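Below is work-v9.txt, holding compact mmCIF, C-alpha atoms.
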```txt
# COMPACT_ATOMS: atom_id res chain seq x y z
CA MET L 41 -15.66 -2.90 83.84
CA ALA L 42 -18.19 -0.06 83.62
CA PHE L 43 -17.85 3.37 82.07
CA ALA L 44 -18.30 6.20 84.58
CA PRO L 45 -19.05 9.48 82.80
CA MET L 46 -17.41 12.34 84.68
CA GLY L 47 -16.10 15.82 84.01
CA PRO L 48 -16.24 17.68 80.68
CA GLU L 49 -15.85 14.48 78.66
CA ALA L 50 -19.05 12.91 80.05
CA SER L 51 -20.85 12.99 76.71
CA PHE L 52 -17.91 11.23 75.07
CA PHE L 53 -17.99 8.37 77.59
CA GLU L 54 -21.78 8.11 77.33
CA VAL L 55 -21.51 7.68 73.55
CA LEU L 56 -18.86 4.98 73.99
CA GLU L 57 -20.90 3.25 76.69
CA ARG L 58 -23.91 3.01 74.37
CA HIS L 59 -21.69 1.70 71.58
CA ARG L 60 -20.05 -0.84 73.87
CA ALA L 61 -23.45 -2.06 75.11
CA SER L 62 -24.62 -2.58 71.53
CA LEU L 63 -21.45 -4.56 70.75
CA LEU L 64 -21.93 -6.87 73.72
CA ALA L 65 -25.62 -7.34 72.95
CA ALA L 66 -24.76 -8.25 69.36
CA GLN L 67 -22.09 -10.69 70.51
CA ARG L 68 -24.56 -12.46 72.83
CA GLY L 69 -26.87 -12.68 69.85
CA GLY L 70 -24.11 -14.33 67.82
CA GLY L 71 -23.72 -11.69 65.12
CA ASP L 72 -22.17 -8.42 64.11
CA PRO L 73 -23.61 -5.21 65.56
CA PRO L 74 -26.68 -4.05 63.58
CA ALA L 75 -25.77 -3.01 60.05
CA ALA L 76 -27.82 -4.30 57.10
CA GLY L 77 -29.95 -7.26 56.15
CA ILE L 78 -28.40 -9.01 53.15
CA ARG L 79 -27.11 -12.48 53.90
CA PRO L 80 -23.40 -12.91 53.09
CA ALA L 81 -21.84 -15.56 50.92
CA SER L 82 -21.17 -18.95 52.48
CA ARG L 83 -17.46 -18.26 52.97
CA PHE L 84 -18.18 -15.15 55.05
CA ALA L 85 -19.74 -14.98 58.53
CA GLU L 86 -20.54 -11.62 60.13
CA SER L 87 -19.40 -12.85 63.56
CA ALA L 88 -16.04 -14.20 62.41
CA GLY L 89 -15.08 -12.56 59.12
CA LEU L 90 -13.70 -14.41 56.12
CA GLN L 91 -13.48 -18.16 56.68
CA MET L 92 -12.34 -21.10 54.64
CA ALA L 93 -15.33 -22.56 52.82
CA PRO L 94 -16.26 -26.07 54.06
CA HIS L 95 -16.11 -27.52 50.55
CA CYS L 96 -13.24 -25.47 49.17
CA THR L 97 -10.99 -26.44 46.30
CA THR L 98 -8.07 -28.63 47.37
CA ARG L 99 -4.74 -29.26 45.73
CA LYS L 100 -3.02 -32.65 45.72
CA VAL L 101 0.75 -32.87 45.99
CA ARG L 102 2.07 -36.33 45.14
CA SER L 103 5.48 -37.89 45.56
CA ASP L 104 5.08 -40.05 42.41
CA SER L 105 4.24 -37.17 40.09
CA GLN L 106 7.04 -35.40 38.23
CA ARG L 107 5.12 -32.12 38.34
CA SER L 108 4.71 -32.08 42.12
CA ALA L 109 7.60 -34.24 43.41
CA HIS L 110 9.75 -31.19 44.15
CA LYS L 111 6.93 -29.47 46.07
CA PHE L 112 6.27 -32.70 47.98
CA ALA L 113 9.97 -32.85 48.98
CA LEU L 114 9.91 -29.24 50.16
CA ILE L 115 6.82 -29.90 52.29
CA LEU L 116 8.53 -32.91 53.91
CA LYS L 117 11.68 -30.85 54.48
CA ILE L 118 9.79 -28.09 56.27
CA LEU L 119 7.71 -30.62 58.23
CA SER L 120 10.95 -32.19 59.47
CA MET L 121 12.20 -28.73 60.54
CA ILE L 122 8.95 -28.08 62.36
CA TYR L 123 9.20 -31.48 64.07
CA LYS L 124 12.68 -30.59 65.40
CA LEU L 125 11.46 -27.18 66.59
CA VAL L 126 8.55 -28.74 68.49
CA GLN L 127 10.79 -31.47 69.96
CA SER L 128 13.36 -28.96 71.21
CA ASN L 129 10.68 -26.42 72.26
CA THR L 130 12.36 -23.70 70.21
CA TYR L 131 10.91 -21.22 67.74
CA ALA L 132 11.93 -19.93 64.33
CA THR L 133 10.58 -17.34 61.92
CA LYS L 134 9.72 -18.03 58.29
CA ARG L 135 12.89 -16.16 57.43
CA ASP L 136 14.92 -18.48 59.67
CA ILE L 137 13.41 -21.51 57.92
CA TYR L 138 14.34 -20.10 54.51
CA TYR L 139 17.98 -19.51 55.48
CA MET L 140 18.32 -23.03 56.84
CA ASP L 141 18.49 -24.17 53.21
CA SER L 142 18.07 -21.15 50.93
CA GLN L 143 19.43 -22.94 47.86
CA LEU L 144 16.85 -25.73 48.17
CA PHE L 145 13.90 -23.39 48.75
CA GLY L 146 14.90 -20.85 46.12
CA SER L 147 12.82 -17.97 47.51
CA GLN L 148 11.13 -16.77 50.69
CA THR L 149 7.76 -16.87 48.94
CA VAL L 150 8.02 -20.65 48.54
CA VAL L 151 8.64 -21.11 52.27
CA ASP L 152 5.82 -18.74 53.23
CA SER L 153 3.34 -20.58 51.00
CA ILE L 154 4.29 -24.04 52.28
CA ILE L 155 4.10 -23.02 55.95
CA ASP L 156 0.64 -21.53 55.36
CA ASP L 157 -0.40 -24.73 53.57
CA ILE L 158 0.84 -26.88 56.48
CA SER L 159 -0.95 -24.68 59.02
CA CYS L 160 -4.15 -24.92 56.98
CA MET L 161 -3.79 -28.66 56.41
CA LEU L 162 -3.25 -29.41 60.12
CA LYS L 163 -5.84 -26.79 61.17
CA VAL L 164 -3.51 -25.24 63.74
CA PRO L 165 -2.14 -21.68 64.05
CA ARG L 166 1.46 -21.12 63.03
CA ARG L 167 2.50 -20.60 66.65
CA SER L 168 1.53 -24.24 67.33
CA LEU L 169 4.05 -25.22 64.65
CA HIS L 170 6.67 -23.22 66.58
CA ILE L 171 6.83 -20.73 63.72
CA SER L 172 6.94 -17.24 65.22
CA SER L 173 6.34 -13.98 63.40
CA THR L 174 8.55 -10.92 63.58
CA SER L 175 6.45 -8.08 64.90
CA LYS L 176 6.69 -4.53 63.55
CA GLY L 177 3.67 -3.11 65.38
CA LEU L 178 3.67 -0.61 68.27
CA ILE L 179 1.42 -0.05 71.32
CA ALA L 180 0.90 2.97 73.56
CA GLY L 181 -1.64 3.97 76.16
CA ASN L 182 -3.39 2.67 79.23
CA LEU L 183 -2.27 -0.96 79.16
CA SER L 184 0.05 -3.17 81.14
CA TYR L 185 0.73 -6.90 80.91
CA VAL L 186 3.19 -9.62 81.88
CA GLU L 187 5.23 -11.32 79.16
CA GLU L 188 5.88 -15.06 79.00
CA ASP L 189 9.23 -14.70 80.81
CA GLY L 190 7.65 -12.73 83.68
CA THR L 191 8.65 -9.25 82.51
CA ARG L 192 6.00 -6.63 83.36
CA VAL L 193 5.40 -4.17 80.54
CA SER L 194 3.69 -0.78 80.83
CA CYS L 195 2.56 0.94 77.63
CA THR L 196 1.82 4.32 79.19
CA CYS L 197 2.15 7.05 76.57
CA GLY L 198 5.54 8.72 76.71
CA ALA L 199 8.67 9.30 74.73
CA THR L 200 9.18 5.55 74.24
CA VAL L 201 6.56 3.28 72.70
CA VAL L 202 6.30 -0.47 73.24
CA ALA L 203 6.82 -2.97 70.44
CA VAL L 204 4.05 -5.52 69.95
CA PRO L 205 5.38 -8.79 71.44
CA SER L 206 5.97 -11.67 69.05
CA ASN L 207 4.27 -14.19 71.36
CA ILE L 208 0.81 -12.78 71.96
CA GLN L 209 -0.45 -16.09 73.36
CA GLY L 210 2.21 -15.87 76.08
CA ILE L 211 1.21 -12.49 77.53
CA ARG L 212 -1.02 -12.52 80.63
CA ASN L 213 -2.43 -10.33 83.40
CA LEU L 214 -3.55 -7.64 80.98
CA ILE L 215 -4.80 -4.55 82.85
CA THR L 216 -6.42 -1.41 81.46
CA ASP L 217 -8.94 1.30 82.24
CA ALA L 218 -9.10 2.27 78.55
CA LYS L 219 -12.47 3.30 77.16
CA PHE L 220 -11.54 2.58 73.55
CA LEU L 221 -8.87 1.16 71.25
CA LEU L 222 -7.62 3.23 68.30
CA ILE L 223 -5.99 1.26 65.48
CA VAL L 224 -3.82 3.61 63.42
CA GLU L 225 -2.78 2.68 59.89
CA LYS L 226 0.51 4.58 59.62
CA ASP L 227 3.47 4.85 61.96
CA ALA L 228 3.87 8.55 61.08
CA THR L 229 0.27 9.28 62.19
CA PHE L 230 0.76 7.18 65.34
CA GLN L 231 3.90 9.14 66.24
CA ARG L 232 2.17 12.45 65.53
CA LEU L 233 -0.67 11.55 67.88
CA LEU L 234 1.89 10.70 70.56
CA ASP L 235 3.69 14.01 70.01
CA ASP L 236 0.35 15.84 70.36
CA ASN L 237 -0.36 14.01 73.65
CA PHE L 238 -3.52 12.49 72.21
CA CYS L 239 -3.50 9.71 74.82
CA SER L 240 -3.53 12.31 77.60
CA ARG L 241 -6.24 14.41 75.94
CA MET L 242 -8.54 11.43 75.40
CA SER L 243 -7.34 9.37 78.35
CA PRO L 244 -7.74 6.56 79.07
CA CYS L 245 -7.27 4.82 75.72
CA ILE L 246 -5.00 2.39 73.88
CA MET L 247 -3.38 3.04 70.50
CA VAL L 248 -1.97 0.36 68.20
CA THR L 249 -0.31 0.63 64.79
CA GLY L 250 0.72 -2.15 62.43
CA LYS L 251 2.81 0.33 60.40
CA GLY L 252 0.76 -0.28 57.28
CA THR L 253 -0.49 -3.78 56.48
CA PRO L 254 -0.52 -5.46 59.91
CA ASP L 255 1.65 -8.45 60.70
CA LEU L 256 0.27 -11.52 62.44
CA SER L 257 1.32 -10.43 65.94
CA THR L 258 -0.39 -7.04 65.67
CA ARG L 259 -3.61 -8.68 64.49
CA LEU L 260 -3.43 -11.21 67.33
CA LEU L 261 -2.91 -8.38 69.83
CA VAL L 262 -5.96 -6.45 68.60
CA LYS L 263 -7.99 -9.65 68.81
CA LYS L 264 -6.73 -10.36 72.35
CA LEU L 265 -7.55 -6.84 73.51
CA TRP L 266 -11.09 -7.17 72.17
CA ASP L 267 -11.60 -10.66 73.64
CA THR L 268 -10.25 -9.55 77.03
CA PHE L 269 -11.81 -6.11 77.50
CA HIS L 270 -14.61 -5.73 74.91
CA ILE L 271 -13.90 -2.02 74.53
CA PRO L 272 -14.91 -0.22 71.33
CA ALA L 273 -12.25 -0.55 68.60
CA PHE L 274 -11.88 2.12 65.92
CA THR L 275 -9.64 2.39 62.85
CA LEU L 276 -7.92 5.54 61.62
CA VAL L 277 -6.80 4.99 58.02
CA ASP L 278 -6.19 7.04 54.90
CA ALA L 279 -9.23 7.78 52.73
CA ASP L 280 -7.89 5.60 49.94
CA PRO L 281 -8.33 1.98 48.77
CA HIS L 282 -5.15 0.83 50.52
CA GLY L 283 -6.30 2.23 53.86
CA ILE L 284 -9.72 0.61 53.46
CA GLU L 285 -8.01 -2.71 52.65
CA ILE L 286 -5.99 -2.51 55.87
CA MET L 287 -9.14 -1.77 57.88
CA CYS L 288 -10.85 -4.79 56.29
CA ILE L 289 -7.94 -7.04 57.33
CA TYR L 290 -8.41 -6.10 61.01
CA LYS L 291 -12.20 -6.44 60.84
CA TYR L 292 -12.80 -9.32 58.43
CA GLY L 293 -9.40 -10.93 57.78
CA SER L 294 -7.69 -11.84 54.53
CA MET L 295 -8.19 -14.69 52.07
CA SER L 296 -4.62 -15.91 52.65
CA MET L 297 -5.28 -16.37 56.39
CA CYS L 298 -8.99 -17.28 56.29
CA PHE L 299 -8.30 -20.63 57.97
CA GLU L 300 -7.28 -18.66 61.11
CA ALA L 301 -10.18 -16.19 61.00
CA HIS L 302 -11.47 -16.98 64.51
CA HIS L 303 -8.03 -16.17 65.98
CA LEU L 304 -7.44 -12.96 64.04
CA THR L 305 -10.57 -10.99 63.18
CA VAL L 306 -12.49 -8.42 65.21
CA PRO L 307 -15.81 -7.81 63.39
CA ALA L 308 -16.68 -5.17 66.02
CA VAL L 309 -14.05 -2.80 64.56
CA ARG L 310 -15.54 0.47 63.31
CA TRP L 311 -14.34 2.95 60.66
CA LEU L 312 -13.69 6.22 62.51
CA GLY L 313 -11.76 8.06 59.82
CA LEU L 314 -10.62 9.37 57.52
CA LEU L 315 -13.96 9.05 55.73
CA PRO L 316 -14.22 10.28 52.13
CA SER L 317 -17.31 12.23 53.22
CA ASP L 318 -15.20 13.95 55.91
CA VAL L 319 -12.86 15.23 53.21
CA SER L 320 -15.68 17.08 51.45
CA ARG L 321 -17.45 18.06 54.70
CA LEU L 322 -14.30 19.71 56.07
CA HIS L 323 -13.57 21.42 52.73
CA VAL L 324 -10.04 20.05 52.52
CA PRO L 325 -8.33 22.05 49.72
CA LYS L 326 -8.28 20.27 46.37
CA ASP L 327 -4.51 20.71 46.03
CA SER L 328 -4.13 18.47 49.12
CA LEU L 329 -6.01 15.62 47.42
CA ILE L 330 -4.49 13.00 45.10
CA PRO L 331 -6.11 11.62 41.93
CA LEU L 332 -7.04 7.93 42.08
CA THR L 333 -4.83 5.82 39.85
CA LYS L 334 -6.05 3.00 37.63
CA ARG L 335 -4.65 0.59 40.21
CA ASP L 336 -6.57 2.40 42.98
CA LEU L 337 -9.82 2.09 41.04
CA MET L 338 -9.22 -1.63 40.46
CA LYS L 339 -8.57 -2.15 44.18
CA LEU L 340 -11.70 -0.18 45.08
CA ASP L 341 -13.79 -2.20 42.65
CA SER L 342 -12.38 -5.42 44.11
CA ILE L 343 -13.30 -4.40 47.67
CA LEU L 344 -16.81 -3.37 46.63
CA LYS L 345 -17.41 -6.90 45.27
CA ARG L 346 -16.46 -8.64 48.51
CA PRO L 347 -19.27 -10.40 50.44
CA TYR L 348 -18.93 -8.37 53.62
CA ILE L 349 -19.56 -5.07 51.85
CA ALA L 350 -23.17 -6.22 51.37
CA CYS L 351 -23.46 -5.95 55.18
CA GLN L 352 -21.96 -2.46 55.24
CA PRO L 353 -24.13 -0.06 53.20
CA LEU L 354 -22.47 2.97 54.81
CA TRP L 355 -19.03 1.70 53.83
CA ARG L 356 -20.28 1.12 50.30
CA ALA L 357 -21.63 4.67 50.12
CA GLU L 358 -18.27 6.08 51.24
CA MET L 359 -16.34 4.02 48.69
CA GLU L 360 -18.74 4.91 45.90
CA ALA L 361 -18.35 8.58 46.82
CA MET L 362 -14.58 8.15 46.58
CA ALA L 363 -14.89 6.50 43.17
CA SER L 364 -17.17 9.30 41.95
CA SER L 365 -14.83 12.04 43.17
CA LYS L 366 -11.83 10.25 41.62
CA VAL L 367 -9.59 11.53 44.44
CA LYS L 368 -8.10 10.12 47.63
CA ALA L 369 -6.72 11.77 50.76
CA GLY L 370 -4.11 10.87 53.33
CA ILE L 371 -4.69 11.61 57.01
CA GLN L 372 -1.89 14.19 56.75
CA ALA L 373 -4.16 16.27 54.48
CA LEU L 374 -5.88 17.50 57.67
CA THR L 375 -2.72 19.40 58.64
CA VAL L 376 -3.62 22.07 56.05
CA LEU L 377 -6.54 22.99 58.35
CA SER L 378 -4.18 23.31 61.33
CA ALA L 379 -1.03 21.52 62.48
CA ASP L 380 -2.79 19.63 65.31
CA TYR L 381 -6.27 19.48 63.77
CA LEU L 382 -6.28 15.66 63.81
CA SER L 383 -5.64 15.28 67.54
CA ARG L 384 -7.23 18.51 68.81
CA VAL L 385 -10.40 18.72 66.72
CA TYR L 386 -11.07 15.86 64.30
CA LEU L 387 -10.68 12.79 66.51
CA PRO L 388 -12.21 14.27 69.72
CA ASN L 389 -15.26 15.50 67.78
CA LYS L 390 -15.71 12.19 65.96
CA LEU L 391 -15.46 10.19 69.18
CA LYS L 392 -17.82 12.47 71.13
CA SER L 393 -20.46 12.56 68.39
CA GLY L 394 -20.31 8.85 67.51
CA GLY L 395 -19.04 9.69 64.04
CA TRP L 396 -17.99 6.17 63.10
CA ILE L 397 -19.54 3.68 60.71
```
Go ahead and render the structure in this file as structure tokens.
Amino acid sequence: MAFAPMGPEASFFEVLERHRASLLAAQRGGGDPPAAGIRPASRFAESAGLQMAPHCTTRKVRSDSQRSAHKFALILKILSMIYKLVQSNTYATKRDIYYMDSQLFGSQTVVDSIIDDISCMLKVPRRSLHISSTSKGLIAGNLSYVEEDGTRVSCTCGATVVAVPSNIQGIRNLITDAKFLLIVEKDATFQRLLDDNFCSRMSPCIMVTGKGTPDLSTRLLVKKLWDTFHIPAFTLVDADPHGIEIMCIYKYGSMSMCFEAHHLTVPAVRWLGLLPSDVSRLHVPKDSLIPLTKRDLMKLDSILKRPYIACQPLWRAEMEAMASSKVKAGIQALTVLSADYLSRVYLPNKLKSGGWI
């Protein structure tokens, strides 16, 4: 699929075409698109994100130990449930598993932890255990596909958005002419862009939101879109530590799911906005900014120490600027400039000028 610059948006498509070509060249070379030269820690690979270290710490759970007998019994109980699900070719969510014997498990957290342990131990994704995830994400834009049961779905921007399917592996015949994918942190921002007809203004494109921290299905969808179409993928998140954390999950993954990194991460994702430097460059009024809390500063410090930040000097500079300013900004802060500034000015200008990092 080639980009064909035409009309007044030609420069925009030319910028995206150059970016897309660099992404594909980097992929053929086996690494992340050019960034910096420091080698990451052994548990991080630029081409796959966070991964489980080959000689990681393991935990033994024994049936003949008083301390771990209960945990061992719970693991066997959930394994027996998984066995029945696989035998009957049915699926259940983690929540369903918990309510099958809530008194025995005690809490949802216990079930979640054991299922993740089993998935890691067997080196298979949760879907292979017939454990499905409830999706909260939404899609809109130039995309159509066929679901596992044969239902054809069109995500064309309109009054109704499409929920991210829970079985991403089951969707097929994906079709798009989109030139880029925009991953939006917040549902409110996603809905505002739809109301402002952003998809029509910057057509063709695809928009996805995980409504905050993305669930497994939304991450799998973003990964599938990248693997299938190799179109540039950009994130639109708040200029705060929480937004940066969410962006990192899409791009590099999380420690809790590092054993599934190859199925979930898209290292080609780029930070489009809202950049801390954009806040000062656009002269966003100070009364629209929020002071960083102690918790925010701790989160920011934690992110700065992660191995992949060594490969992202521009990200580091943005985060250090945020720490120095001691303020954060939500995407909605741009509305003080004008009600539709985000969709009419900010995003089109950033996309046309290649203003991502």
Selection near Gly370 (chain L), 7 Å with only C-alpha atoms, sequence-local residues under 3 positions removed, as a PyMOL selection string: chain L and resi 278-279+373
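Residue nearest Asp255 (chain L) within the list L:Thr268, L:Ser172, L:Thr216, L:Gln209: L:Ser172 [criterion: smallest interatomic distance, only C-alpha atoms].
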Distance criterion (all atoms listed in the file): nearest to Asn389 (chain L) out of L:Val248, L:Ala113, L:Lys368, L:Asp318: L:Asp318
Using only C-alpha atoms, which protein or nucleic acid residues come within 10 Å of Ser168 (chain L)? Drop anything in the same chain fewer than 5 positions from it, and give the result as a list in words.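 The residues satisfying every condition are Ile122, Val126, Tyr131, Ser159 and Lys163 of chain L.
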Here is a test: counting only C-alpha atoms, which residue of L:Ala369, L:Ile208, L:Val309, L:Val186 is nearest to Pro325 (chain L)?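 Counting only C-alpha atoms, the residue closest to Pro325 (chain L) is L:Ala369.
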d(CA of Ile115 (chain L), CA of Ile155 (chain L)) in Å: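 Computing it gives 8.3 Å between the two atoms.
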Find the residues around Ser153 (chain L) up to 12 Å (only C-alpha atoms counted), leave out those fewer than 3 positions away in its own chain, and share them as a short mmCIF file (atom, residue, chain, number, x, y, z; two decimals) with C-alpha atoms, in the frame of the given file.
```cif
data_model
loop_
_atom_site.label_atom_id
_atom_site.label_comp_id
_atom_site.auth_asym_id
_atom_site.auth_seq_id
_atom_site.Cartn_x
_atom_site.Cartn_y
_atom_site.Cartn_z
CA LYS L 111 6.93 -29.47 46.07
CA LEU L 114 9.91 -29.24 50.16
CA ILE L 115 6.82 -29.90 52.29
CA ILE L 118 9.79 -28.09 56.27
CA LYS L 134 9.72 -18.03 58.29
CA TYR L 138 14.34 -20.10 54.51
CA PHE L 145 13.90 -23.39 48.75
CA SER L 147 12.82 -17.97 47.51
CA GLN L 148 11.13 -16.77 50.69
CA THR L 149 7.76 -16.87 48.94
CA VAL L 150 8.02 -20.65 48.54
CA ASP L 156 0.64 -21.53 55.36
CA ASP L 157 -0.40 -24.73 53.57
CA ILE L 158 0.84 -26.88 56.48
CA SER L 159 -0.95 -24.68 59.02
CA CYS L 160 -4.15 -24.92 56.98
CA SER L 296 -4.62 -15.91 52.65
CA MET L 297 -5.28 -16.37 56.39
#
```
Selected residue of minimal separation from Ser328 (chain L) among L:Ser120, L:Leu183, L:Leu374, L:Glu285, counting only C-alpha atoms: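 Residue with the minimum atom-to-atom distance to Ser328 (chain L): L:Leu374.
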When you draw a straight line from CA of Leu354 (chain L) to CA of Ser317 (chain L), how long is it in Å?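 Value for the CA of Leu354 (chain L)-CA of Ser317 (chain L) distance: 10.7 Å.
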Do you know which residues lie at most 10 Å from (-9.5, 13.7, 68.3), with coordinates as in the file and only C-alpha atoms counted, and could you write them as a short mmCIF file (atom, residue, chain, number, x, y, z; two decimals) with C-alpha atoms, in the coordinates of the input?
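The file below, result-v6.cif, is the result:
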```cif
data_model
loop_
_atom_site.label_atom_id
_atom_site.label_comp_id
_atom_site.auth_asym_id
_atom_site.auth_seq_id
_atom_site.Cartn_x
_atom_site.Cartn_y
_atom_site.Cartn_z
CA LEU L 233 -0.67 11.55 67.88
CA PHE L 238 -3.52 12.49 72.21
CA CYS L 239 -3.50 9.71 74.82
CA ARG L 241 -6.24 14.41 75.94
CA MET L 242 -8.54 11.43 75.40
CA ASP L 380 -2.79 19.63 65.31
CA TYR L 381 -6.27 19.48 63.77
CA LEU L 382 -6.28 15.66 63.81
CA SER L 383 -5.64 15.28 67.54
CA ARG L 384 -7.23 18.51 68.81
CA VAL L 385 -10.40 18.72 66.72
CA TYR L 386 -11.07 15.86 64.30
CA LEU L 387 -10.68 12.79 66.51
CA PRO L 388 -12.21 14.27 69.72
CA ASN L 389 -15.26 15.50 67.78
CA LYS L 390 -15.71 12.19 65.96
CA LEU L 391 -15.46 10.19 69.18
CA LYS L 392 -17.82 12.47 71.13
#
```
Selection near Asp267 (chain L), 12 Å with only C-alpha atoms, sequence-local residues under 3 positions removed, as a list in words: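 Contacts, in chain order: Leu63, Leu64, Gln67, Leu214, Leu260, Leu261, Val262, Lys263, Lys264, His270, Ile271, Pro272, Ala273, His302, His303, Leu304, Thr305, Val306, Pro307 and Ala308 of chain L.
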C-alpha atoms of the current selection, written as a PDB file, in the frame of the given file:
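Listing of again_3.pdb after writing:
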```
ATOM      1  CA  LEU L  63     -21.450  -4.560  70.750  1.00  0.00           C
ATOM      2  CA  LEU L  64     -21.930  -6.870  73.720  1.00  0.00           C
ATOM      3  CA  GLN L  67     -22.090 -10.690  70.510  1.00  0.00           C
ATOM      4  CA  LEU L 214      -3.550  -7.640  80.980  1.00  0.00           C
ATOM      5  CA  LEU L 260      -3.430 -11.210  67.330  1.00  0.00           C
ATOM      6  CA  LEU L 261      -2.910  -8.380  69.830  1.00  0.00           C
ATOM      7  CA  VAL L 262      -5.960  -6.450  68.600  1.00  0.00           C
ATOM      8  CA  LYS L 263      -7.990  -9.650  68.810  1.00  0.00           C
ATOM      9  CA  LYS L 264      -6.730 -10.360  72.350  1.00  0.00           C
ATOM     10  CA  HIS L 270     -14.610  -5.730  74.910  1.00  0.00           C
ATOM     11  CA  ILE L 271     -13.900  -2.020  74.530  1.00  0.00           C
ATOM     12  CA  PRO L 272     -14.910  -0.220  71.330  1.00  0.00           C
ATOM     13  CA  ALA L 273     -12.250  -0.550  68.600  1.00  0.00           C
ATOM     14  CA  HIS L 302     -11.470 -16.980  64.510  1.00  0.00           C
ATOM     15  CA  HIS L 303      -8.030 -16.170  65.980  1.00  0.00           C
ATOM     16  CA  LEU L 304      -7.440 -12.960  64.040  1.00  0.00           C
ATOM     17  CA  THR L 305     -10.570 -10.990  63.180  1.00  0.00           C
ATOM     18  CA  VAL L 306     -12.490  -8.420  65.210  1.00  0.00           C
ATOM     19  CA  PRO L 307     -15.810  -7.810  63.390  1.00  0.00           C
ATOM     20  CA  ALA L 308     -16.680  -5.170  66.020  1.00  0.00           C
TER      21      ALA L 308
END
```
Place all heavy atoms on region 384-389 of chain L and deliver the coordinates as a compact mmCIF listing (two decimals), in the coordinates of the input.
```txt
# COMPACT_ATOMS: atom_id res chain seq x y z
N ARG L 384 -6.53 17.51 68.00
CA ARG L 384 -7.23 18.51 68.81
C ARG L 384 -8.70 18.66 68.45
O ARG L 384 -9.53 18.92 69.32
CB ARG L 384 -6.52 19.86 68.67
CG ARG L 384 -7.11 20.99 69.51
CD ARG L 384 -6.31 22.28 69.35
NE ARG L 384 -6.26 22.68 67.95
CZ ARG L 384 -7.19 23.40 67.34
NH1 ARG L 384 -8.29 23.76 68.01
NH2 ARG L 384 -7.07 23.75 66.08
N VAL L 385 -9.03 18.47 67.18
CA VAL L 385 -10.40 18.72 66.72
C VAL L 385 -11.05 17.48 66.12
O VAL L 385 -12.11 17.03 66.58
CB VAL L 385 -10.43 19.88 65.68
CG1 VAL L 385 -11.86 20.13 65.21
CG2 VAL L 385 -9.80 21.13 66.24
N TYR L 386 -10.43 16.92 65.08
CA TYR L 386 -11.07 15.86 64.30
C TYR L 386 -11.43 14.64 65.14
O TYR L 386 -12.60 14.24 65.22
CB TYR L 386 -10.17 15.47 63.13
CG TYR L 386 -10.74 14.39 62.25
CD1 TYR L 386 -11.75 14.68 61.32
CD2 TYR L 386 -10.30 13.07 62.33
CE1 TYR L 386 -12.29 13.69 60.51
CE2 TYR L 386 -10.83 12.07 61.53
CZ TYR L 386 -11.82 12.39 60.61
OH TYR L 386 -12.36 11.40 59.82
N LEU L 387 -10.42 14.02 65.76
CA LEU L 387 -10.68 12.79 66.51
C LEU L 387 -11.57 13.02 67.74
O LEU L 387 -12.53 12.25 67.96
CB LEU L 387 -9.36 12.12 66.91
CG LEU L 387 -8.58 11.47 65.76
CD1 LEU L 387 -7.24 10.93 66.25
CD2 LEU L 387 -9.38 10.35 65.11
N PRO L 388 -11.30 14.05 68.57
CA PRO L 388 -12.21 14.27 69.72
C PRO L 388 -13.67 14.48 69.30
O PRO L 388 -14.58 13.91 69.92
CB PRO L 388 -11.63 15.54 70.37
CG PRO L 388 -10.19 15.51 70.02
CD PRO L 388 -10.14 14.96 68.62
N ASN L 389 -13.89 15.26 68.23
CA ASN L 389 -15.26 15.50 67.78
C ASN L 389 -15.93 14.23 67.25
O ASN L 389 -17.10 13.97 67.51
CB ASN L 389 -15.28 16.59 66.71
CG ASN L 389 -15.06 17.98 67.27
OD1 ASN L 389 -15.12 18.17 68.49
ND2 ASN L 389 -14.78 18.94 66.41
```
